[in-house]
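**Student:** Got a structure here, written out as structure tokens. Questions coming.
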Amino acid sequence: MARQGGFRGRRGGGGGGGGGRKKKVCRFCAAPKENILDWKNVPLLKRYLDDETQIRKARQTGTCRKHQSQMATAIKVAREIALIPFVPE
């Protein structure tokens, strides 16, 4: 019997070829009234920072390009006003 190779494609998951991951949805597009993107909303902005206080990628968070750039600008403004630290504490 011939052994099949270990490569299963980029998306991972076994057989079927359908991938296996669910596409992430931008939470700002889904519920804009509840998730207001502003530099004053510090708890929301901290969700998009990693342990080293760097801005997480859109691939990781699932935000669209428009809201990712708005979020990055809001985080940078909040850092300048000293609501969010530049370096981890």
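Labels for the structure tokens follow display order: chains A, B, ..., residues from 1 in each chain, ligands from 1.
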Set out as CSV a contact list for segment 32-59 of chain A and segment 63-67 of chain A with a cut-off of 10 Å, giving each residue of segment 32-59 of chain A that qualifies its closest atom pair and distance in Å to one decimal, counting only C-alpha atoms, ordered by chain and rising residue number.
**Tutor:**
```
residue,atom,partner,partner_atom,distance
A:Leu37,CA,A:His67,CA,8.2
A:Tyr48,CA,A:Thr63,CA,9.9
A:Lys57,CA,A:Thr63,CA,8.7
A:Ala58,CA,A:Thr63,CA,5.3
A:Arg59,CA,A:Thr63,CA,7.5
```
**Student:** Using only C-alpha atoms, which protein or nucleic acid residues come within 7 Å of segment 83-87 of chain A? Drop anything in the same chain fewer than 4 positions from it, and give the result as a ChimeraX atom specification.
**Tutor:** /A:52-53,78-79
**Student:** Show which residues sit within 9 Å of Ile55 of chain A, as a list of chain:residue names. Count only C-alpha atoms, and ignore same-chain residues fewer than 4 positions away.
**Tutor:**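 Contacts, in chain order: A:Tyr48, A:Leu49, A:Asp50, A:Ala72, A:Ile75.
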**Student:** What does the distance from atom CA of Ile81 of chain A to atom CA of Gln60 of chain A come to in Å, to one decimal?
**Tutor:**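 So the two atoms, atom CA of Ile81 of chain A and atom CA of Gln60 of chain A, lie 26.2 Å apart.
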**Student:** Could you jot down the atom CA of Thr73 of chain A to atom CA of Asp38 of chain A separation for me, Å, one decimal place?
**Tutor:**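 Atom CA of Asp38 of chain A lies 9.2 Å from atom CA of Thr73 of chain A.
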**Student:** Tell me, as a count of residues only, which residues lie within 12 Å of Ala82 of chain A, counting only C-alpha atoms; anything in the same chain fewer than 5 positions away does not count.
**Tutor:** 7
